[in-house]
file protein.cif (mmCIF, C-alpha atoms (C1' of nucleotides))
data_run
#
loop_
_atom_site.label_atom_id
_atom_site.label_comp_id
_atom_site.auth_asym_id
_atom_site.auth_seq_id
_atom_site.Cartn_x
_atom_site.Cartn_y
_atom_site.Cartn_z
CA MET A 272 -10.10 -30.04 10.96
CA GLY A 273 -12.37 -30.63 7.95
CA ILE A 274 -11.78 -30.08 4.28
CA ALA A 275 -13.54 -26.71 4.29
CA ASP A 276 -11.37 -25.47 7.16
CA ASP A 277 -8.29 -26.58 5.27
CA ALA A 278 -9.36 -24.56 2.27
CA VAL A 279 -9.76 -21.46 4.42
CA GLU A 280 -6.32 -21.89 5.94
CA ILE A 281 -4.74 -22.54 2.55
CA ARG A 282 -6.29 -19.37 1.13
CA SER A 283 -5.10 -17.33 4.09
CA GLN A 284 -1.63 -18.76 3.77
CA GLY A 285 -1.54 -17.95 0.07
CA TRP A 286 -2.70 -14.42 0.76
CA ARG A 287 -0.05 -13.89 3.43
CA THR A 288 2.63 -15.09 1.03
CA LEU A 289 1.29 -12.86 -1.72
CA ALA A 290 1.17 -9.84 0.57
CA ALA A 291 4.65 -10.46 1.91
CA LEU A 292 6.20 -10.76 -1.54
CA HIS A 293 4.30 -7.74 -2.77
CA GLY A 294 5.46 -5.62 0.16
CA LEU A 295 9.05 -6.65 -0.29
CA ILE A 296 9.14 -5.87 -4.01
CA GLU A 297 7.23 -2.62 -3.68
CA THR A 298 9.54 -1.33 -0.95
CA GLU A 299 12.62 -2.01 -3.08
CA LEU A 300 11.09 -0.52 -6.22
CA GLU A 301 10.02 2.56 -4.29
CA ARG A 302 13.53 3.20 -3.05
CA ALA A 303 15.16 2.60 -6.42
CA LEU A 304 12.72 4.63 -8.50
CA THR A 305 12.41 7.62 -6.18
CA SER A 306 16.16 7.96 -5.75
CA SER A 307 17.01 7.60 -9.44
CA VAL A 308 14.13 9.24 -11.35
CA ALA A 309 11.94 10.71 -8.59
CA LEU A 310 9.00 8.46 -9.41
CA SER A 311 6.94 6.49 -6.93
CA VAL A 312 5.87 2.96 -7.85
CA VAL A 313 2.31 4.03 -8.71
CA GLU A 314 3.61 6.91 -10.79
CA TYR A 315 5.81 4.51 -12.72
CA THR A 316 2.87 2.13 -13.08
CA VAL A 317 0.80 4.89 -14.67
CA LEU A 318 3.49 5.88 -17.15
CA ASP A 319 4.13 2.25 -17.99
CA ALA A 320 0.41 1.50 -18.43
CA LEU A 321 0.01 4.52 -20.69
CA SER A 322 2.96 3.46 -22.83
CA ARG A 323 1.36 0.05 -23.36
CA GLN A 324 -1.91 1.57 -24.53
CA HIS A 325 -2.68 2.09 -28.21
CA GLY A 326 -2.37 5.80 -28.87
CA TRP A 327 -1.05 6.27 -25.34
CA HIS A 328 -4.29 7.42 -23.84
CA MET A 329 -6.40 6.09 -21.00
CA ARG A 330 -9.35 7.29 -18.98
CA MET A 331 -8.98 8.17 -15.32
CA GLN A 332 -11.06 5.23 -14.20
CA GLN A 333 -8.94 2.76 -16.12
CA LEU A 334 -5.89 4.22 -14.42
CA GLY A 335 -7.62 3.81 -11.08
CA ARG A 336 -8.24 0.15 -11.74
CA ALA A 337 -4.75 -0.42 -13.11
CA THR A 338 -3.22 1.02 -9.95
CA ALA A 339 -5.84 -0.15 -7.44
CA LEU A 340 -6.26 3.48 -6.38
CA SER A 341 -9.40 5.41 -5.44
CA ALA A 342 -10.82 7.99 -7.83
CA SER A 343 -9.55 10.87 -5.71
CA ALA A 344 -6.06 9.46 -5.47
CA THR A 345 -6.07 8.98 -9.25
CA THR A 346 -6.99 12.60 -9.78
CA ARG A 347 -4.14 13.84 -7.65
CA LEU A 348 -1.71 11.34 -9.12
CA VAL A 349 -2.49 12.63 -12.60
CA ASN A 350 -2.18 16.18 -11.27
CA ARG A 351 1.34 15.53 -10.07
CA LEU A 352 2.43 13.95 -13.32
CA GLU A 353 0.78 16.66 -15.38
CA GLU A 354 2.48 19.40 -13.35
CA ARG A 355 5.80 17.75 -14.12
CA GLY A 356 4.91 17.70 -17.80
CA LEU A 357 5.02 13.91 -18.06
CA LEU A 358 1.45 13.56 -19.34
CA THR A 359 -1.44 15.73 -20.50
CA ARG A 360 -5.18 15.68 -19.96
CA VAL A 361 -7.26 15.44 -23.12
CA LEU A 362 -11.01 15.94 -23.08
CA CYS A 363 -13.07 13.09 -24.50
CA ALA A 364 -15.16 14.21 -27.45
CA ASP A 365 -17.75 11.44 -27.21
CA ASP A 366 -18.28 11.58 -23.43
CA ARG A 367 -17.51 14.98 -22.05
CA ARG A 368 -17.48 13.72 -18.46
CA GLY A 369 -14.47 11.56 -19.24
CA ILE A 370 -10.87 12.66 -19.49
CA TYR A 371 -8.11 10.96 -21.40
CA THR A 372 -4.50 11.08 -20.30
CA GLU A 373 -1.63 10.87 -22.74
CA LEU A 374 2.10 10.52 -22.29
CA THR A 375 4.12 13.53 -23.41
CA ALA A 376 7.49 13.19 -25.13
CA SER A 377 9.06 14.11 -21.82
CA GLY A 378 7.07 11.37 -20.11
CA GLN A 379 8.19 8.79 -22.65
CA LYS A 380 11.78 9.91 -22.23
CA LEU A 381 11.65 9.60 -18.44
CA LEU A 382 10.05 6.20 -18.79
CA THR A 383 12.93 4.93 -20.90
CA GLU A 384 15.27 6.03 -18.12
CA ALA A 385 13.13 4.47 -15.44
CA ARG A 386 12.49 1.12 -17.09
CA PRO A 387 16.01 -0.33 -16.72
CA VAL A 388 16.08 0.73 -13.07
CA HIS A 389 12.68 -0.87 -12.54
CA ASP A 390 13.59 -4.11 -14.30
CA GLU A 391 16.94 -4.56 -12.59
CA THR A 392 15.50 -3.80 -9.18
CA LEU A 393 12.68 -6.25 -9.78
CA GLU A 394 15.18 -8.93 -10.73
CA ARG A 395 17.23 -8.33 -7.59
CA ALA A 396 14.16 -8.26 -5.35
CA LEU A 397 12.87 -11.53 -6.79
CA ALA A 398 16.29 -13.12 -6.37
CA ALA A 399 16.32 -12.03 -2.73
CA ALA A 400 12.81 -13.37 -2.19
CA ARG A 401 13.88 -16.58 -3.89
CA ASP A 402 16.18 -17.18 -0.91
CA MET A 403 13.36 -16.93 1.62
CA PRO A 404 11.78 -20.34 2.16
CA GLU A 405 8.25 -19.02 2.63
CA LEU A 406 8.40 -16.86 -0.52
CA ALA A 407 10.37 -19.10 -2.88
CA PRO A 408 7.41 -21.17 -4.13
CA LEU A 409 5.51 -18.07 -5.22
CA VAL A 410 8.58 -16.56 -6.85
CA ASP A 411 9.07 -19.74 -8.83
CA ALA A 412 5.42 -19.86 -9.82
CA LEU A 413 5.30 -16.33 -11.20
CA PRO A 414 7.09 -16.89 -14.55
CA THR A 415 4.83 -19.83 -15.33
CA LEU A 416 1.83 -17.51 -15.47
CA ALA A 417 3.01 -15.75 -18.62
CA ARG A 418 0.67 -15.87 -21.57
CA ALA A 419 0.94 -14.82 -25.19
CA MET B 149 13.93 -9.89 -28.92
CA GLY B 150 16.44 -12.18 -27.19
CA ILE B 151 16.01 -14.63 -24.37
CA ALA B 152 17.22 -12.14 -21.76
CA ASP B 153 14.68 -9.56 -22.91
CA ASP B 154 11.95 -12.16 -22.69
CA ALA B 155 12.92 -12.90 -19.11
CA VAL B 156 12.67 -9.21 -18.23
CA GLU B 157 9.24 -8.92 -19.79
CA ILE B 158 8.02 -12.10 -18.13
CA ARG B 159 9.15 -10.83 -14.74
CA SER B 160 7.44 -7.49 -15.28
CA GLN B 161 4.27 -9.21 -16.39
CA GLY B 162 4.35 -11.42 -13.30
CA TRP B 163 4.85 -8.41 -11.08
CA ARG B 164 1.98 -6.52 -12.65
CA THR B 165 -0.30 -9.50 -12.11
CA LEU B 166 0.87 -9.87 -8.53
CA ALA B 167 0.35 -6.17 -7.82
CA ALA B 168 -3.09 -6.13 -9.43
CA LEU B 169 -4.32 -9.12 -7.45
CA HIS B 170 -2.83 -7.75 -4.25
CA GLY B 171 -4.51 -4.40 -4.75
CA LEU B 172 -7.85 -5.96 -5.44
CA ILE B 173 -7.80 -8.20 -2.38
CA GLU B 174 -6.45 -5.53 -0.06
CA THR B 175 -9.11 -3.03 -1.09
CA GLU B 176 -11.89 -5.54 -0.39
CA LEU B 177 -10.41 -6.64 2.91
CA GLU B 178 -9.95 -3.03 3.97
CA ARG B 179 -13.61 -2.24 3.36
CA ALA B 180 -14.89 -5.38 5.06
CA LEU B 181 -12.66 -5.20 8.13
CA THR B 182 -12.98 -1.48 8.79
CA SER B 183 -16.75 -1.52 8.50
CA SER B 184 -17.30 -4.62 10.64
CA VAL B 185 -14.60 -4.51 13.33
CA ALA B 186 -12.85 -1.16 12.73
CA LEU B 187 -9.54 -2.80 11.84
CA SER B 188 -7.37 -1.93 8.86
CA VAL B 189 -5.69 -4.74 6.96
CA VAL B 190 -2.30 -4.12 8.56
CA GLU B 191 -3.89 -3.99 12.00
CA TYR B 192 -5.55 -7.32 11.36
CA THR B 193 -2.25 -8.68 10.06
CA VAL B 194 -0.54 -7.73 13.31
CA LEU B 195 -3.18 -9.33 15.51
CA ASP B 196 -3.18 -12.43 13.34
CA ALA B 197 0.61 -12.66 13.34
CA LEU B 198 0.69 -12.31 17.13
CA SER B 199 -1.90 -15.03 17.56
CA ARG B 200 0.25 -17.41 15.52
CA GLN B 201 3.31 -16.76 17.66
CA HIS B 202 4.21 -19.05 20.57
CA GLY B 203 3.36 -17.17 23.73
CA TRP B 204 1.76 -14.42 21.60
CA HIS B 205 4.70 -12.07 21.68
CA MET B 206 6.79 -10.49 18.97
CA ARG B 207 9.36 -7.75 18.71
CA MET B 208 8.62 -4.52 16.91
CA GLN B 209 11.06 -5.30 14.13
CA GLN B 210 9.47 -8.67 13.43
CA LEU B 211 6.13 -6.93 13.12
CA GLY B 212 7.68 -4.44 10.73
CA ARG B 213 8.93 -7.25 8.53
CA ALA B 214 5.67 -9.18 8.74
CA THR B 215 3.73 -6.14 7.58
CA ALA B 216 6.35 -4.62 5.24
CA LEU B 217 6.11 -1.41 7.25
CA SER B 218 8.81 1.05 8.30
CA ALA B 219 9.97 1.22 11.90
CA SER B 220 8.10 4.45 12.52
CA ALA B 221 4.88 3.14 11.05
CA THR B 222 5.23 0.03 13.21
CA THR B 223 5.59 2.15 16.33
CA ARG B 224 2.43 4.10 15.61
CA LEU B 225 0.54 1.00 14.57
CA VAL B 226 1.34 -0.63 17.90
CA ASN B 227 0.37 2.65 19.61
CA ARG B 228 -3.07 2.56 18.05
CA LEU B 229 -3.68 -1.06 18.98
CA GLU B 230 -2.34 -0.55 22.49
CA GLU B 231 -4.58 2.48 23.03
CA ARG B 232 -7.55 0.31 22.08
CA GLY B 233 -6.43 -2.30 24.57
CA LEU B 234 -5.89 -4.98 21.94
CA LEU B 235 -2.24 -5.59 22.78
CA THR B 236 0.34 -4.59 25.38
CA ARG B 237 4.00 -3.64 25.27
CA VAL B 238 6.31 -5.82 27.35
CA LEU B 239 9.92 -4.89 27.98
CA CYS B 240 12.49 -7.48 26.99
CA ALA B 241 14.54 -8.61 29.97
CA ASP B 242 17.52 -9.85 27.96
CA ASP B 243 17.76 -6.88 25.56
CA ARG B 244 16.39 -3.73 27.11
CA ARG B 245 16.33 -1.93 23.76
CA GLY B 246 13.75 -4.39 22.47
CA ILE B 247 10.05 -4.40 23.16
CA TYR B 248 7.72 -7.35 22.96
CA THR B 249 4.08 -7.01 22.04
CA GLU B 250 1.45 -9.40 23.32
CA LEU B 251 -2.21 -9.87 22.49
CA THR B 252 -4.59 -9.04 25.32
CA ALA B 253 -7.74 -11.07 25.98
CA SER B 254 -9.66 -8.26 24.32
CA GLY B 255 -7.38 -8.49 21.29
CA GLN B 256 -7.90 -12.23 21.02
CA LYS B 257 -11.63 -11.74 21.29
CA LEU B 258 -11.73 -9.13 18.54
CA LEU B 259 -9.58 -11.37 16.38
CA THR B 260 -12.07 -14.21 16.67
CA GLU B 261 -14.74 -11.81 15.43
CA ALA B 262 -12.58 -10.50 12.62
CA ARG B 263 -11.30 -13.82 11.31
CA PRO B 264 -14.56 -15.04 9.74
CA VAL B 265 -15.04 -11.67 8.06
CA HIS B 266 -11.49 -11.79 6.77
CA ASP B 267 -11.76 -15.36 5.51
CA GLU B 268 -15.09 -14.92 3.77
CA THR B 269 -14.04 -11.66 2.16
CA LEU B 270 -10.84 -13.28 0.96
CA GLU B 271 -12.81 -16.12 -0.56
CA ARG B 272 -15.13 -13.73 -2.38
CA ALA B 273 -12.28 -11.56 -3.61
CA LEU B 274 -10.40 -14.56 -4.96
CA ALA B 275 -13.54 -15.82 -6.66
CA ALA B 276 -14.00 -12.42 -8.30
CA ALA B 277 -10.36 -12.35 -9.41
CA ARG B 278 -10.79 -15.86 -10.71
CA ASP B 279 -13.17 -14.43 -13.32
CA MET B 280 -10.62 -11.95 -14.64
CA PRO B 281 -8.55 -13.54 -17.40
CA GLU B 282 -5.32 -11.78 -16.48
CA LEU B 283 -5.59 -12.71 -12.80
CA ALA B 284 -7.00 -16.24 -13.01
CA PRO B 285 -3.67 -18.04 -13.48
CA LEU B 286 -2.23 -16.52 -10.33
CA VAL B 287 -5.38 -17.21 -8.35
CA ASP B 288 -5.21 -20.83 -9.39
CA ALA B 289 -1.52 -21.08 -8.56
CA LEU B 290 -1.88 -19.76 -5.01
CA PRO B 291 -3.30 -22.88 -3.33
CA THR B 292 -0.55 -25.04 -4.80
CA LEU B 293 2.05 -23.16 -2.77
CA ALA B 294 0.82 -24.51 0.53
CA ARG B 295 3.32 -26.42 2.60
CA ALA B 296 3.02 -28.52 5.74
"C1'" DG C 156 36.32 -0.49 32.45
"C1'" DC C 157 36.22 3.17 28.32
"C1'" DG C 158 35.76 4.96 24.00
"C1'" DG C 159 33.39 4.29 19.36
"C1'" DT C 160 30.11 1.90 16.52
"C1'" DA C 161 25.81 -0.57 15.83
"C1'" DT C 162 21.11 -1.54 16.84
"C1'" DA C 163 15.98 -0.90 18.77
"C1'" DA C 164 12.50 2.04 19.17
"C1'" DC C 165 10.53 6.70 19.12
"C1'" DT C 166 9.19 11.77 17.26
"C1'" DG C 167 8.79 16.03 13.70
"C1'" DC C 168 7.64 16.88 9.30
"C1'" DG C 169 5.92 16.71 4.69
"C1'" DT C 170 3.08 14.06 1.65
"C1'" DG C 171 -0.13 10.50 -0.44
"C1'" DT C 172 -4.45 8.12 0.54
"C1'" DG C 173 -9.58 6.99 1.18
"C1'" DC C 174 -14.19 8.59 2.36
"C1'" DA C 175 -17.83 11.67 1.82
"C1'" DA C 176 -19.73 15.44 -0.42
"C1'" DT C 177 -19.89 18.35 -4.87
"C1'" DG C 178 -20.20 19.75 -9.81
"C1'" DA C 179 -20.72 18.43 -14.54
"C1'" DT C 180 -22.48 15.43 -18.01
"C1'" DT C 181 -24.93 11.36 -19.72
"C1'" DT C 182 -28.64 7.94 -19.67
"C1'" DA C 183 -33.19 6.24 -18.36
"C1'" DT C 184 -38.22 6.97 -17.44
"C1'" DC C 185 -42.26 8.95 -18.26
"C1'" DG D 262 -38.68 16.91 -24.16
"C1'" DA D 263 -38.43 17.44 -18.86
"C1'" DT D 264 -37.16 15.24 -14.62
"C1'" DA D 265 -34.79 11.66 -12.06
"C1'" DA D 266 -31.04 8.47 -11.59
"C1'" DA D 267 -26.48 7.16 -12.74
"C1'" DT D 268 -21.63 8.08 -13.94
"C1'" DC D 269 -17.00 10.64 -14.31
"C1'" DA D 270 -14.01 13.50 -12.24
"C1'" DT D 271 -12.74 16.78 -8.61
"C1'" DT D 272 -12.20 18.92 -3.64
"C1'" DG D 273 -12.31 19.09 1.96
"C1'" DC D 274 -10.87 16.60 5.57
"C1'" DA D 275 -8.73 13.40 8.66
"C1'" DC D 276 -5.23 10.04 8.96
"C1'" DA D 277 -1.39 6.63 7.99
"C1'" DC D 278 2.96 6.46 5.84
"C1'" DG D 279 8.29 7.07 4.99
"C1'" DC D 280 12.40 9.73 5.83
"C1'" DA D 281 15.60 11.95 8.73
"C1'" DG D 282 17.04 12.90 13.13
"C1'" DT D 283 16.95 11.58 18.39
"C1'" DT D 284 17.45 8.73 22.57
"C1'" DA D 285 18.60 4.57 24.96
"C1'" DT D 286 20.87 0.30 25.16
"C1'" DA D 287 24.12 -3.32 23.52
"C1'" DC D 288 28.42 -4.83 21.42
"C1'" DC D 289 33.43 -4.48 20.17
"C1'" DG D 290 38.45 -3.35 20.41
"C1'" DC D 291 41.80 -1.79 23.48
#

call {"tool": "encode", "arguments": {"input": "protein.cif", "output": "structure tokens"}}
result
Amino acid sequence: MGIADDAVEIRSQGWRTLAALHGLIETELERALTSSVALSVVEYTVLDALSRQHGWHMRMQQLGRATALSASATTRLVNRLEERGLLTRVLCADDRRGIYTELTASGQKLLTEARPVHDETLERALAAARDMPELAPLVDALPTLARA
Amino acid sequence: MGIADDAVEIRSQGWRTLAALHGLIETELERALTSSVALSVVEYTVLDALSRQHGWHMRMQQLGRATALSASATTRLVNRLEERGLLTRVLCADDRRGIYTELTASGQKLLTEARPVHDETLERALAAARDMPELAPLVDALPTLARA
DNA sequence: GCGGTATAACTGCGTGTGCAATGATTTATC
DNA sequence: GATAAATCATTGCACACGCAGTTATACCGC
């Protein structure tokens, strides 16, 4: 097996590890968030992303990228959250095709309830993954990626 | 902000990076595999996992863990692949509740077509992610996780 | 052996997703 | 300035998913 073949296998192995860890964490988060605050992981991701944005507004497309969702899925995701009063649509003045989304007070409130659940569940899931030999190296590598 | 709070934020940041990279890669793989060999990413994962197994057989539950899928989703996933003749169900002799799945010759053949597509797409997706500042550190860390 | 409990896999149901096509607005070309 | 091409968001449709409940088999205490 040559060097190039090794690289291919190493990439595939890394991807399998990444996918496995991702699936594990997402499954746990999904259970915890839906049962405690009736939010799916993507829904939480949207609220969290909005709260990190200056002025708490984002365009649909940005949300799509942030969640790795298609445009149609983003539309319906925002629909659900808007119907629950957690965010509002705001028309863009400068580009009237675009639509901004903003957290409502209710959305911010729910997010403060959801965040501890999210963080504790993430900690537990990572600790569990830490005990699996094939996942441990990636779990240990994650905190080293932090930047300012 | 105390040390504990920092740890929470670092974990969340790591998780967001992991999720973003995973979403990006999965979306690209999905497009490439469905258009070229009509396989979804999870379907490819199953065939690939089976091919790596001694004797090419696995139990349903193992497949569920390997793909981070529920039991019901695993059942229907195996149904789809079986209907296409890519794998077969084999009853377990020792535990008659369990069911083994085995790759067929046709499944192995399709896998050999799919693997280059998968590997090249993965390489391109990682290269693209490598150019995004927030994803680059994780992309660079992945190959270092490889074990013997 | 015989009950009760646990486990493996399967089905009904509601829901979230992507793709393709559509409507509305902006940008480019002439 | 009018027409064409591109972009943002939304809808119709088919399909894959998770949850809860079901069936079949294995395990345990007696």

call {"tool": "resolve_selection", "arguments": {"input": "protein.cif", "expression": "the PyMOL selection byres ((chain B) within 8 of (chain D))", "output": "ChimeraX atom specification"}}
result
/B:218,220-221,243-245

call {"tool": "write_last_selection", "arguments": {"input": "protein.cif", "atoms": "C-alpha atoms", "output": "short mmCIF file (atom, residue, chain, number, x, y, z; two decimals), keeping the file's coordinate frame"}}
result
data_model
loop_
_atom_site.label_atom_id
_atom_site.label_comp_id
_atom_site.auth_asym_id
_atom_site.auth_seq_id
_atom_site.Cartn_x
_atom_site.Cartn_y
_atom_site.Cartn_z
CA SER B 218 8.81 1.05 8.30
CA SER B 220 8.10 4.45 12.52
CA ALA B 221 4.88 3.14 11.05
CA ASP B 243 17.76 -6.88 25.56
CA ARG B 244 16.39 -3.73 27.11
CA ARG B 245 16.33 -1.93 23.76
#

call {"tool": "closest_atom_pairs", "arguments": {"input": "protein.cif", "of": "chain B", "to": "chain C", "cutoff": "12 Å", "atoms": "all atoms listed in the file", "output": "Markdown table"}}
result
| residue | atom | partner | partner_atom | distance |
| --- | --- | --- | --- | --- |
| B:Thr175 | CA | C:DG173 | C1' | 10.3 |
| B:Glu178 | CA | C:DG173 | C1' | 10.4 |
| B:Arg179 | CA | C:DG173 | C1' | 10.3 |
| B:Thr182 | CA | C:DG173 | C1' | 11.9 |
| B:Ser188 | CA | C:DG173 | C1' | 12.0 |
| B:Arg207 | CA | C:DA163 | C1' | 9.5 |
| B:Met208 | CA | C:DA164 | C1' | 7.9 |
| B:Gln209 | CA | C:DA163 | C1' | 8.1 |
| B:Gln210 | CA | C:DA163 | C1' | 11.5 |
| B:Gly212 | CA | C:DA164 | C1' | 11.7 |
| B:Ser218 | CA | C:DA164 | C1' | 11.5 |
| B:Ala219 | CA | C:DA164 | C1' | 7.7 |
| B:Ser220 | CA | C:DC165 | C1' | 7.4 |
| B:Ala221 | CA | C:DC165 | C1' | 10.5 |
| B:Thr222 | CA | C:DA164 | C1' | 9.6 |
| B:Thr223 | CA | C:DC165 | C1' | 7.3 |
| B:Arg224 | CA | C:DC165 | C1' | 9.2 |
| B:Val226 | CA | C:DA164 | C1' | 11.5 |
| B:Asn227 | CA | C:DC165 | C1' | 10.9 |
| B:Arg237 | CA | C:DA164 | C1' | 11.9 |
| B:Leu239 | CA | C:DA164 | C1' | 11.5 |
| B:Cys240 | CA | C:DA163 | C1' | 11.1 |
| B:Asp243 | CA | C:DA163 | C1' | 9.2 |
| B:Arg244 | CA | C:DA163 | C1' | 8.8 |
| B:Arg245 | CA | C:DA163 | C1' | 5.1 |
| B:Gly246 | CA | C:DA163 | C1' | 5.6 |
| B:Ile247 | CA | C:DA164 | C1' | 8.0 |
| B:Tyr248 | CA | C:DA164 | C1' | 11.2 |

call {"tool": "atom_distance", "arguments": {"input": "protein.cif", "atom1": "CA of Leu274 (chain B)", "atom2": "CA of Ser283 (chain A)"}}
result
10.8 Å

call {"tool": "resolve_selection", "arguments": {"input": "protein.cif", "expression": "the PyMOL selection byres ((chain A) within 6 of (chain B))", "output": "PyMOL selection string"}}
result
chain A and resi 285+294+339+408+413+416

call {"tool": "atom_distance", "arguments": {"input": "protein.cif", "atom1": "CA of His328 (chain A)", "atom2": "CA of Gly356 (chain A)"}}
result
15.1 Å

call {"tool": "atom_distance", "arguments": {"input": "protein.cif", "atom1": "CA of Gly203 (chain B)", "atom2": "CA of Ala241 (chain B)"}}
result
15.4 Å

call {"tool": "residues_around", "arguments": {"input": "protein.cif", "residues": "Ala303 (chain A)", "least_positions_apart": "4", "cutoff": "8 Å", "atoms": "only C-alpha atoms (C1' of nucleotides)", "output": "short mmCIF file (atom, residue, chain, number, x, y, z; two decimals) with C-alpha atoms, in the coordinates of the input"}}
result
data_model
loop_
_atom_site.label_atom_id
_atom_site.label_comp_id
_atom_site.auth_asym_id
_atom_site.auth_seq_id
_atom_site.Cartn_x
_atom_site.Cartn_y
_atom_site.Cartn_z
CA GLU A 299 12.62 -2.01 -3.08
CA SER A 307 17.01 7.60 -9.44
CA VAL A 388 16.08 0.73 -13.07
CA HIS A 389 12.68 -0.87 -12.54
CA THR A 392 15.50 -3.80 -9.18
#

call {"tool": "axis_aligned_box", "arguments": {"input": "protein.cif", "around": "region 172-183 of chain B", "padding_each_side": "4 Å", "output": "JSON"}}
result
{"center_x": -11.6, "center_y": -4.8, "center_z": 1.7, "size_x": 18.3, "size_y": 14.7, "size_z": 22.2}

call {"tool": "resolve_selection", "arguments": {"input": "protein.cif", "expression": "the PyMOL selection byres ((chain A and resi 352) around 10)", "output": "PyMOL selection string"}}
result
chain A and resi 310+314+317-318+347-351+353-359+374+378
